[in-house]
Amino acid sequence: MRGRITPEVYNKALERSGGRCERCGIAGYLEAAHLIRRWKIEEWTTENDIAMLCGPVVNTGTCHNWVDYTAAGREWAAAYRYQLYEKAKE
Ligand SMILES: [Zn+2]
């Protein structure tokens, strides 16, 4: 299943985030947000394809909503994903 986030991947991302939104740093309710469109994922979603962002996604003003529904948010997501993959190479 494309885009599926396994519990292992979710936990790795959560650990990386330190329990804070990876964009604004707020500690609180976090959701795993895809940094790339699900249909673009070739195989399995890795922890570098998602970010823990404040939610809920349906609320305007949260980072998850911003990433999913705005052009600027999608740009941020692509750049952040690139950073994560670069870090993973080290
Ligand atoms: Zn946030």
# chains A, B, ... in the order shown; residues from 1 in each chain; ligands from 1

call {"tool": "closest_atom_pairs", "arguments": {"of": "chain A", "to": "ligand 1", "cutoff": "7 Å", "atoms": "only C-alpha atoms and all ligand atoms", "output": "CSV"}}
result
residue,atom,partner,partner_atom_place_in_ligand_line,distance
A:Cys21,CA,ligand 1,1 (Zn),4.6
A:Glu22,CA,ligand 1,1 (Zn),6.6
A:Arg23,CA,ligand 1,1 (Zn),5.1
A:Cys24,CA,ligand 1,1 (Zn),4.1
A:Gly25,CA,ligand 1,1 (Zn),6.1
A:Ile26,CA,ligand 1,1 (Zn),5.8
A:Leu53,CA,ligand 1,1 (Zn),5.2
A:Cys54,CA,ligand 1,1 (Zn),4.2
A:Thr62,CA,ligand 1,1 (Zn),5.8
A:Cys63,CA,ligand 1,1 (Zn),4.3

call {"tool": "residues_around", "arguments": {"residues": "Asn11 in chain A", "least_positions_apart": "4", "cutoff": "12 Å", "atoms": "only C-alpha atoms", "output": "number ranges by chain"}}
result
A: 5-7, 15-19, 31-32, 46-48, 50-52

call {"tool": "select_by_dssp", "arguments": {"residues": "chain A", "states": "helix (DSSP H, G or I)", "output": "number ranges by chain"}}
result
A: 7-17, 38-40, 47-49, 63-69, 71-89

call {"tool": "select_by_dssp", "arguments": {"residues": "range 2-86 of chain A", "states": "strand (DSSP E or B)", "output": "ChimeraX atom specification"}}
result
/A:20,27,30-34,50-54

call {"tool": "write_last_selection", "arguments": {"atoms": "all heavy atoms", "output": "mmCIF file, in the first residue's frame"}}
result
data_model
loop_
_atom_site.group_PDB
_atom_site.id
_atom_site.type_symbol
_atom_site.label_atom_id
_atom_site.label_comp_id
_atom_site.auth_asym_id
_atom_site.auth_seq_id
_atom_site.Cartn_x
_atom_site.Cartn_y
_atom_site.Cartn_z
ATOM 1 N N ARG A 20 7.704 17.564 19.355
ATOM 2 C CA ARG A 20 7.357 18.924 18.941
ATOM 3 C C ARG A 20 7.130 18.969 17.440
ATOM 4 O O ARG A 20 7.756 18.234 16.691
ATOM 5 C CB ARG A 20 8.494 19.892 19.301
ATOM 6 C CG ARG A 20 8.605 20.092 20.782
ATOM 7 C CD ARG A 20 9.764 20.996 21.142
ATOM 8 N NE ARG A 20 9.732 21.265 22.581
ATOM 9 C CZ ARG A 20 9.012 22.235 23.140
ATOM 10 N NH1 ARG A 20 8.319 23.062 22.400
ATOM 11 N NH2 ARG A 20 8.999 22.392 24.449
ATOM 12 N N ALA A 27 4.713 22.055 21.174
ATOM 13 C CA ALA A 27 4.515 20.726 21.751
ATOM 14 C C ALA A 27 3.023 20.544 21.951
ATOM 15 O O ALA A 27 2.371 21.388 22.539
ATOM 16 C CB ALA A 27 5.252 20.613 23.079
ATOM 17 N N LEU A 30 0.215 16.127 17.646
ATOM 18 C CA LEU A 30 0.981 16.005 16.408
ATOM 19 C C LEU A 30 0.391 14.927 15.504
ATOM 20 O O LEU A 30 -0.158 13.934 15.986
ATOM 21 C CB LEU A 30 2.436 15.649 16.709
ATOM 22 C CG LEU A 30 3.225 16.631 17.574
ATOM 23 C CD1 LEU A 30 4.625 16.090 17.824
ATOM 24 C CD2 LEU A 30 3.299 18.001 16.926
ATOM 25 N N GLU A 31 0.534 15.139 14.218
ATOM 26 C CA GLU A 31 0.111 14.141 13.233
ATOM 27 C C GLU A 31 1.264 13.888 12.266
ATOM 28 O O GLU A 31 2.083 14.773 12.027
ATOM 29 C CB GLU A 31 -1.092 14.657 12.437
ATOM 30 C CG GLU A 31 -2.350 14.755 13.268
ATOM 31 C CD GLU A 31 -3.520 15.371 12.517
ATOM 32 O OE1 GLU A 31 -3.314 16.035 11.490
ATOM 33 O OE2 GLU A 31 -4.639 15.170 12.963
ATOM 34 N N ALA A 32 1.295 12.689 11.718
ATOM 35 C CA ALA A 32 2.300 12.373 10.711
ATOM 36 C C ALA A 32 1.809 12.902 9.367
ATOM 37 O O ALA A 32 0.779 12.483 8.861
ATOM 38 C CB ALA A 32 2.499 10.861 10.633
ATOM 39 N N ALA A 33 2.542 13.863 8.830
ATOM 40 C CA ALA A 33 2.159 14.476 7.565
ATOM 41 C C ALA A 33 3.069 13.970 6.454
ATOM 42 O O ALA A 33 4.291 13.902 6.631
ATOM 43 C CB ALA A 33 2.290 15.995 7.665
ATOM 44 N N HIS A 34 2.490 13.609 5.339
ATOM 45 C CA HIS A 34 3.310 13.202 4.201
ATOM 46 C C HIS A 34 4.003 14.421 3.603
ATOM 47 O O HIS A 34 3.379 15.460 3.412
ATOM 48 C CB HIS A 34 2.450 12.537 3.122
ATOM 49 C CG HIS A 34 2.221 11.094 3.384
ATOM 50 N ND1 HIS A 34 1.193 10.621 4.161
ATOM 51 C CD2 HIS A 34 2.922 9.993 2.988
ATOM 52 C CE1 HIS A 34 1.265 9.303 4.227
ATOM 53 N NE2 HIS A 34 2.293 8.894 3.541
ATOM 54 N N ILE A 50 7.907 11.627 5.905
ATOM 55 C CA ILE A 50 6.869 12.229 6.749
ATOM 56 C C ILE A 50 7.490 13.176 7.771
ATOM 57 O O ILE A 50 8.690 13.116 8.047
ATOM 58 C CB ILE A 50 6.033 11.161 7.513
ATOM 59 C CG1 ILE A 50 6.917 10.324 8.433
ATOM 60 C CG2 ILE A 50 5.260 10.276 6.534
ATOM 61 C CD1 ILE A 50 6.130 9.379 9.352
ATOM 62 N N ALA A 51 6.673 14.062 8.289
ATOM 63 C CA ALA A 51 7.093 14.943 9.383
ATOM 64 C C ALA A 51 5.980 14.965 10.414
ATOM 65 O O ALA A 51 4.806 14.850 10.066
ATOM 66 C CB ALA A 51 7.347 16.353 8.870
ATOM 67 N N MET A 52 6.372 15.091 11.661
ATOM 68 C CA MET A 52 5.375 15.225 12.715
ATOM 69 C C MET A 52 5.014 16.700 12.793
ATOM 70 O O MET A 52 5.846 17.543 13.117
ATOM 71 C CB MET A 52 5.941 14.739 14.062
ATOM 72 C CG MET A 52 6.363 13.276 14.073
ATOM 73 S SD MET A 52 5.113 12.099 13.481
ATOM 74 C CE MET A 52 3.847 12.303 14.747
ATOM 75 N N LEU A 53 3.771 16.983 12.462
ATOM 76 C CA LEU A 53 3.330 18.379 12.436
ATOM 77 C C LEU A 53 2.111 18.560 13.327
ATOM 78 O O LEU A 53 1.329 17.621 13.537
ATOM 79 C CB LEU A 53 2.970 18.796 11.011
ATOM 80 C CG LEU A 53 4.090 18.747 9.969
ATOM 81 C CD1 LEU A 53 3.568 19.205 8.623
ATOM 82 C CD2 LEU A 53 5.288 19.599 10.385
ATOM 83 N N CYS A 54 1.946 19.785 13.832
ATOM 84 C CA CYS A 54 0.775 20.049 14.661
ATOM 85 C C CYS A 54 -0.477 19.955 13.801
ATOM 86 O O CYS A 54 -0.473 20.282 12.621
ATOM 87 C CB CYS A 54 0.900 21.399 15.371
ATOM 88 S SG CYS A 54 1.089 22.837 14.314
#

call {"tool": "atom_distance", "arguments": {"atom1": "CA of Tyr69 in chain A", "atom2": "CA of Gly28 in chain A"}}
result
21.0 Å

call {"tool": "atom_distance", "arguments": {"atom1": "CA of Ala77 in chain A", "atom2": "CA of Glu8 in chain A"}}
result
21.0 Å

call {"tool": "closest_residue", "arguments": {"among": "A:Gly55, A:Trp44, A:Ala88, A:Ile36", "to": "Glu75 in chain A", "atoms": "only C-alpha atoms"}}
result
A:Ile36

call {"tool": "atom_distance", "arguments": {"atom1": "CA of Tyr82 in chain A", "atom2": "CA of Val57 in chain A"}}
result
22.2 Å

call {"tool": "closest_residue", "arguments": {"among": "A:Tyr29, A:Gly3, A:Gly61, A:Glu90", "to": "Thr45 in chain A", "atoms": "only C-alpha atoms"}}
result
A:Gly3
